[in-house]
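Below: the structure, in structure tokens.
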Amino acid sequence: MTVSKPHTVLIVEDEEDLREMMREALEMKGYRVVTAEEGQEALAKIDSIDQLCLVLLDLLMPGMNGWDFFTKMRERPELASVPVIVHSSASGRAPAGVTRALQKPVLFEQLISVVSEYCNASA
Amino acid sequence: MVSRIAVPPADLPAADLPVTSGEVEERFRLLVESVKDYAIFILDPDGRVSTWNPGAERIKGYTEAEIVGKHFSIFYPPEVAATGKCDEELVIAAQEGRFEEEGWRLRKDGSKLWANVTITALREPSGRLIGFAKVTQDLTTRKAAEENLRSLAAQSAALAEKSRIQEFQERFLAILGHDLRNPLAAIDMGAGILRQSISEPASVRILDRMQSSSSRMTRMIEQILDLTRSRLAGGLEMVLEPVDLRVTLTRIVDEMRSAFPTHAISLDCPPLEGTWDRDRLEQVFSNLIGNAIVHGDANAPVGVRATADMNQVQVAVHNEGPPIPLELQKTLFNPFRRGERDSRTAKTEGLGLGLYISQEIVRGHGGDIDIESTASAGTTFLVSLPIHAIGKP
């Protein structure tokens with residue numbers, strides 16, 4: 001699938017296998033994907049992301065965790081309206097204000113279905 | 001060892017004042033009478049009290065007039081005195097010269113004291129036994145301090161053990177809740193990705209099985225996690241919020257109708273606003289309705305009917321078909337019930353924890369689940385819930 005102006009999903013997830021599988025799944029469906037292992041790396045990358053449509057955020061991560069990342073992100077007006085979907089085993093403790101909170105494991109079909117609600121793969 | 005009473009010094013230096021044996025006895029009496037911290041008294045050869053000092057009065061509570069002539073077994077708890085222990089002590093003191101122990105004794109007012117007791121045989125120079133010197137020290141305060149220390153040490157050990165168990169539980173829950181899920185999601189996602197790009201039938205079947213297995217394992221992890229929370233971690237936590245039960249039941253029934261398109265499911269539920277944990281109630285009714293579909297008569301509809309009065313909501317999930325045997329009904333809500341594994345069929349998924357967890361959830365809301373199952377009436381699970389559940393304090 002050729003996508004002229006893809007919307008981009010930022011995946012913040014510390015577990016490499018899962019992070020890379022999520023990337024594969026979304027790229028296969030035509031999304032552009034940027035990944036980060038933890039919050040600090042995600043904050044460093046987020047400015048350079050073109051057409052950010054969604055952040056998929058784990059909460060329990062070494063380095064900057066998902067709660068702190070979400071707070072920092074929401075402090076920045078240009079990022080305040082970007083949807084953030086928490087995917088975590090601690091989804092019940094997701095920070096207030098996130099768009100949705102999904103309980104891990106988020107399986108393939110659910111991931112594709114949820115992302116398609118917020119992002120347009122073939123803009 | 002034998003002590004002798006009132007032994008006069010043998011060789012006095014010439015410079016010392018001569019002291020008569022009467023004076024020595026008097027000085028000794030004054031010494032004994034001035035001692036307040038020890039009960040020092042003499043027993044006759046039969047064990048009857050023949051002298052008493054202020055220390056003894058202070059420690060034991062008897063005046064001299066009250067106690068002289070009484071047998072010393074009066075100082076022992078009756079159950080101890082009844083064993084003949086007092087006589088044995090005197091025999092030992094007479095034979096070995098001395099008997100010493102620490103033990104419980106009684107004061108006049110019946111209160112107990114922890115005493116260090118020494119009984120020393122008193123003999124004349126000829127060797128004839130003339131009685132026993134008994135010295136008793138009240139160690140109750142020390143004993144209490146020791147007991148206190150022991151009890152504190154035991155409490156501290158118990159706390160450490162509790163903390164160790166809690167740490168283990170938290171680690172166990174973290175493994176179940178977090179560590180196992182990520183690889184599972186990665187496996188499922190890998191199968192999903194390949195499934196999208198592969199059309200060769202055998203590979204498609206394999207990938208479908210991988211995905212259905214990962215879904216099944218996800219459910220099993222959830223069940224074990226719930227079991228662990230309910231059994232070890234203080235129970236399932238309920239997140240109470242306003243819920244319309246009709247909306248919840250409609251969603252579940254719709255999902256079930258899509259998952260089991262050949263099964264008829266009827267829903268009869270008025271708008272029912274209450275305060276419950278929405279996700280947990282969905283879990284309960286998905287379990288009950290799923291069970292009714294899987295285990296009931298495939299040709300008869302499953303019925304879901306909710307009614308309410310002022311305080312209580314009742315939801316009946318009904319299916320036709322053979323009844324649940326009475327023996328099984330008794331243990332239906334037990335986790336990992338015996339025989340479950342053997343009787344499991346291809347219809348059964350998960351770990352056989354569904355009903356147990358459903359019951360825990362309903363009880364967590366302050367409600368209960370009952371079952372009625374007969375050959376003529378079919379099987380009905382009846383969930384009763386307070387309209388406004390009250391969470392744990």
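By convention in this document, the chains of the structure tokens carry letters A, B, ... by their order, each chain's residues are numbered from 1, and ligands are numbered from 1 in the order they are shown.
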
request  = Taking only C-alpha atoms into account, report as a VMD selection string which residues of chain B lie within 10 Å of chain A.
outcome  = chain B and resid 174 176 to 194 196 to 197 211 214 to 215 218 239

task = From a DSSP calculation on the backbone, collect every residue of range 17-99 of chain A in strand (DSSP E or B) and output the set as a PyMOL selection string.
result = chain A and resi 32-36+52-57+84-88

Which of chain A fall in helix (DSSP H, G or I), as number ranges by chain = A: 16-28, 39-46, 66-74, 77-79, 91-93, 108-118

N, CA and C atoms of the current selection, written as a CSV table (one decimal), in the first residue's frame:
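Below is the file selection.csv, written as the result:
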```
chain,number,residue,atom,x,y,z
A,16,GLU,N,11.0,-4.8,23.7
A,16,GLU,CA,11.4,-4.7,22.3
A,16,GLU,C,10.6,-5.6,21.4
A,17,ASP,N,10.4,-6.8,21.7
A,17,ASP,CA,9.6,-7.7,20.8
A,17,ASP,C,8.2,-7.1,20.6
A,18,LEU,N,7.6,-6.7,21.6
A,18,LEU,CA,6.2,-6.2,21.5
A,18,LEU,C,6.2,-4.9,20.7
A,19,ARG,N,7.2,-4.0,21.0
A,19,ARG,CA,7.3,-2.7,20.3
A,19,ARG,C,7.5,-2.9,18.8
A,20,GLU,N,8.4,-3.8,18.5
A,20,GLU,CA,8.7,-4.1,17.1
A,20,GLU,C,7.5,-4.8,16.4
A,21,MET,N,6.8,-5.6,17.1
A,21,MET,CA,5.6,-6.3,16.5
A,21,MET,C,4.5,-5.3,16.2
A,22,MET,N,4.4,-4.4,17.2
A,22,MET,CA,3.3,-3.3,17.0
A,22,MET,C,3.7,-2.5,15.8
A,23,ARG,N,5.0,-2.2,15.7
A,23,ARG,CA,5.5,-1.4,14.5
A,23,ARG,C,5.2,-2.1,13.2
A,24,GLU,N,5.5,-3.4,13.2
A,24,GLU,CA,5.3,-4.2,11.9
A,24,GLU,C,3.8,-4.2,11.6
A,25,ALA,N,3.0,-4.4,12.6
A,25,ALA,CA,1.5,-4.5,12.4
A,25,ALA,C,1.0,-3.2,11.8
A,26,LEU,N,1.4,-2.1,12.4
A,26,LEU,CA,0.9,-0.8,12.0
A,26,LEU,C,1.4,-0.4,10.6
A,27,GLU,N,2.7,-0.6,10.4
A,27,GLU,CA,3.3,-0.3,9.1
A,27,GLU,C,2.7,-1.1,8.0
A,28,MET,N,2.4,-2.4,8.3
A,28,MET,CA,1.7,-3.2,7.3
A,28,MET,C,0.4,-2.6,6.9
A,39,GLY,N,9.9,7.2,28.2
A,39,GLY,CA,9.3,8.6,28.0
A,39,GLY,C,10.3,9.6,27.6
A,40,GLN,N,11.6,9.6,28.1
A,40,GLN,CA,12.5,10.6,27.7
A,40,GLN,C,12.9,10.5,26.2
A,41,GLU,N,13.0,9.3,25.8
A,41,GLU,CA,13.3,9.1,24.3
A,41,GLU,C,12.1,9.6,23.5
A,42,ALA,N,10.9,9.3,24.0
A,42,ALA,CA,9.7,9.7,23.3
A,42,ALA,C,9.7,11.3,23.2
A,43,LEU,N,10.0,11.9,24.3
A,43,LEU,CA,9.9,13.4,24.3
A,43,LEU,C,11.0,14.0,23.4
A,44,ALA,N,12.1,13.3,23.3
A,44,ALA,CA,13.2,13.8,22.4
A,44,ALA,C,12.8,13.6,20.9
A,45,LYS,N,11.9,12.6,20.6
A,45,LYS,CA,11.6,12.4,19.2
A,45,LYS,C,10.3,13.1,18.8
A,46,ILE,N,9.5,13.4,19.8
A,46,ILE,CA,8.1,13.8,19.4
A,46,ILE,C,8.0,15.1,18.6
A,66,GLY,N,5.3,6.1,32.0
A,66,GLY,CA,4.2,6.6,31.1
A,66,GLY,C,3.5,7.8,31.8
A,67,TRP,N,3.4,7.8,33.1
A,67,TRP,CA,2.6,8.8,33.8
A,67,TRP,C,3.4,10.2,33.6
A,68,ASP,N,4.7,10.1,33.9
A,68,ASP,CA,5.5,11.3,33.8
A,68,ASP,C,5.6,11.8,32.3
A,69,PHE,N,5.7,10.9,31.4
A,69,PHE,CA,5.7,11.3,30.0
A,69,PHE,C,4.4,12.0,29.6
A,70,PHE,N,3.3,11.4,30.1
A,70,PHE,CA,2.0,12.0,29.8
A,70,PHE,C,1.9,13.5,30.3
A,71,THR,N,2.3,13.6,31.6
A,71,THR,CA,2.3,15.0,32.2
A,71,THR,C,3.1,16.0,31.4
A,72,LYS,N,4.3,15.6,31.0
A,72,LYS,CA,5.2,16.4,30.2
A,72,LYS,C,4.6,16.8,28.9
A,73,MET,N,4.0,15.8,28.3
A,73,MET,CA,3.5,16.0,26.9
A,73,MET,C,2.3,17.0,27.0
A,74,ARG,N,1.5,16.8,28.0
A,74,ARG,CA,0.3,17.6,28.1
A,74,ARG,C,0.6,19.1,28.5
A,77,PRO,N,1.5,22.9,24.8
A,77,PRO,CA,0.2,23.3,24.1
A,77,PRO,C,0.1,22.6,22.7
A,78,GLU,N,1.2,22.5,22.0
A,78,GLU,CA,1.1,22.0,20.6
A,78,GLU,C,0.8,20.5,20.6
A,79,LEU,N,1.0,19.8,21.8
A,79,LEU,CA,0.7,18.4,21.9
A,79,LEU,C,-0.5,18.1,22.7
A,91,SER,N,-3.5,-0.6,33.3
A,91,SER,CA,-4.4,0.4,32.7
A,91,SER,C,-5.4,1.0,33.7
A,92,GLY,N,-5.7,0.3,34.7
A,92,GLY,CA,-6.6,0.8,35.8
A,92,GLY,C,-6.1,2.0,36.5
A,93,ARG,N,-4.8,2.2,36.3
A,93,ARG,CA,-4.1,3.4,37.0
A,93,ARG,C,-3.7,4.4,36.0
A,108,PHE,N,-3.6,-8.3,18.2
A,108,PHE,CA,-3.5,-7.7,16.9
A,108,PHE,C,-4.7,-7.0,16.4
A,109,GLU,N,-5.9,-7.8,16.4
A,109,GLU,CA,-7.1,-7.2,15.9
A,109,GLU,C,-7.5,-5.9,16.6
A,110,GLN,N,-7.3,-6.0,17.9
A,110,GLN,CA,-7.7,-4.8,18.7
A,110,GLN,C,-6.9,-3.6,18.4
A,111,LEU,N,-5.6,-3.9,18.3
A,111,LEU,CA,-4.6,-2.8,18.0
A,111,LEU,C,-5.0,-2.1,16.7
A,112,ILE,N,-5.2,-2.9,15.6
A,112,ILE,CA,-5.6,-2.4,14.3
A,112,ILE,C,-6.9,-1.6,14.4
A,113,SER,N,-7.8,-2.2,15.1
A,113,SER,CA,-9.1,-1.6,15.2
A,113,SER,C,-9.1,-0.2,15.9
A,114,VAL,N,-8.3,-0.2,17.0
A,114,VAL,CA,-8.3,1.1,17.8
A,114,VAL,C,-7.5,2.2,17.0
A,115,VAL,N,-6.4,1.8,16.4
A,115,VAL,CA,-5.6,2.8,15.7
A,115,VAL,C,-6.4,3.4,14.6
A,116,SER,N,-7.2,2.5,13.9
A,116,SER,CA,-7.9,3.0,12.7
A,116,SER,C,-9.0,4.0,13.1
A,117,GLU,N,-9.4,4.0,14.4
A,117,GLU,CA,-10.3,5.0,14.9
A,117,GLU,C,-9.7,6.4,14.9
A,118,TYR,N,-8.4,6.5,15.1
A,118,TYR,CA,-7.8,7.8,15.4
A,118,TYR,C,-6.9,8.2,14.2
```

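Using only C-alpha atoms, the nearest neighbour of Ser376 in chain B within the list B:Ile324, B:Leu152, B:Leu113, B:Ile221 is B:Ile324.
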
Interatomic distance (Å, one decimal) between CA of Gly97 in chain B and CA of Ala65 in chain B =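 Going from CA of Gly97 in chain B over to CA of Ala65 in chain B, I get 28.6 Å.
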
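Between CA of Ala264 in chain B and CA of Glu282 in chain B there is a distance of 19.4 Å.
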
query = Could you pull the residues within 6 Å of Ala133 in chain B, counting only C-alpha atoms, minus those fewer than 2 positions along the same chain, as a list in words?
reply = Phe41, Ile42, Ile119 and Thr120 of chain B

message = as a ChimeraX atom specification, please: the residues near Ala121 in chain B (cut-off 10 Å, only C-alpha atoms, same-chain neighbours under 3 positions excluded).
response = /B:1-5,42-45,90-99,118,129-134

Export, as a compact mmCIF listing (two decimals), in the first residue's frame, the selected residues with N, CA and C atoms.
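Output saved as part_0.txt:
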```txt
# COMPACT_ATOMS: atom_id res chain seq x y z
N MET B 1 25.91 -29.50 99.88
CA MET B 1 26.31 -28.33 100.65
C MET B 1 25.35 -28.15 101.83
N VAL B 2 25.86 -27.93 102.98
CA VAL B 2 25.00 -27.77 104.16
C VAL B 2 25.31 -26.42 104.80
N SER B 3 24.27 -25.62 105.04
CA SER B 3 24.48 -24.35 105.73
C SER B 3 24.20 -24.54 107.21
N ARG B 4 24.92 -23.82 107.97
CA ARG B 4 24.69 -23.94 109.41
C ARG B 4 24.22 -22.62 109.94
N ILE B 5 23.30 -22.68 110.87
CA ILE B 5 22.72 -21.45 111.39
C ILE B 5 23.59 -20.89 112.50
N ILE B 42 12.33 -19.05 107.46
CA ILE B 42 12.75 -20.42 107.78
C ILE B 42 11.53 -21.32 107.82
N LEU B 43 11.73 -22.50 107.24
CA LEU B 43 10.69 -23.54 107.30
C LEU B 43 11.16 -24.59 108.30
N ASP B 44 10.19 -25.17 109.01
CA ASP B 44 10.60 -26.29 109.88
C ASP B 44 10.81 -27.52 109.01
N PRO B 45 11.31 -28.60 109.55
CA PRO B 45 11.63 -29.77 108.71
C PRO B 45 10.44 -30.28 107.91
N LEU B 90 11.83 -30.08 99.16
CA LEU B 90 12.46 -30.24 100.48
C LEU B 90 13.37 -31.47 100.51
N VAL B 91 12.93 -32.54 99.84
CA VAL B 91 13.75 -33.76 99.79
C VAL B 91 15.08 -33.46 99.10
N ILE B 92 14.98 -32.73 97.97
CA ILE B 92 16.21 -32.40 97.23
C ILE B 92 17.12 -31.53 98.09
N ALA B 93 16.49 -30.50 98.73
CA ALA B 93 17.30 -29.60 99.57
C ALA B 93 17.96 -30.39 100.70
N ALA B 94 17.23 -31.33 101.28
CA ALA B 94 17.78 -32.11 102.39
C ALA B 94 18.91 -33.01 101.90
N GLN B 95 18.70 -33.59 100.70
CA GLN B 95 19.71 -34.54 100.20
C GLN B 95 20.94 -33.81 99.66
N GLU B 96 20.69 -32.73 98.90
CA GLU B 96 21.82 -32.09 98.21
C GLU B 96 22.25 -30.81 98.90
N GLY B 97 21.55 -30.42 99.95
CA GLY B 97 21.90 -29.21 100.67
C GLY B 97 21.15 -28.00 100.16
N ARG B 98 20.72 -28.04 98.90
CA ARG B 98 20.18 -26.82 98.30
C ARG B 98 19.24 -27.17 97.16
N PHE B 99 18.20 -26.37 97.02
CA PHE B 99 17.33 -26.50 95.85
C PHE B 99 17.09 -25.10 95.32
N THR B 118 15.38 -20.13 96.49
CA THR B 118 16.46 -21.00 96.96
C THR B 118 16.05 -21.58 98.31
N LEU B 129 18.78 -32.44 110.78
CA LEU B 129 18.05 -31.43 110.02
C LEU B 129 17.13 -30.66 110.95
N ILE B 130 17.31 -29.32 110.97
CA ILE B 130 16.43 -28.55 111.85
C ILE B 130 15.49 -27.64 111.08
N GLY B 131 15.63 -27.65 109.78
CA GLY B 131 14.70 -26.84 108.97
C GLY B 131 15.34 -26.43 107.66
N PHE B 132 14.69 -25.43 107.02
CA PHE B 132 15.20 -24.95 105.73
C PHE B 132 15.14 -23.43 105.71
N ALA B 133 16.20 -22.82 105.16
CA ALA B 133 16.15 -21.37 104.90
C ALA B 133 15.63 -21.19 103.49
N LYS B 134 14.61 -20.35 103.37
CA LYS B 134 14.04 -20.13 102.04
C LYS B 134 14.22 -18.67 101.69
```

message = So that I can check the surroundings of His388 in chain B, please list as an MDAnalysis selection string every protein, DNA and RNA residue that reaches within 10 Å of it, counting only C-alpha atoms and ignoring chain neighbours fewer than 4 positions away.
response = chainID B and resid 240:243 273:276 311:313 365:366

inquiry  = as a list in words, please: the residues near Leu54 in chain A (cut-off 9 Å, only C-alpha atoms, same-chain neighbours under 3 positions excluded).
reply    = His7, Thr8, Val9, Leu10, Ile11, Val82, Pro83, Val84, Ile85, Val115, Tyr118 and Cys119 of chain A

request  = Identify, on the basis of only C-alpha atoms, every residue whose closest approach to Val284 in chain B does not exceed 7 Å; exclude the query and any residue fewer than 4 positions from it along the same chain; express the result as a list in words.
outcome  = Arg280, Leu288 and Ser358 of chain B
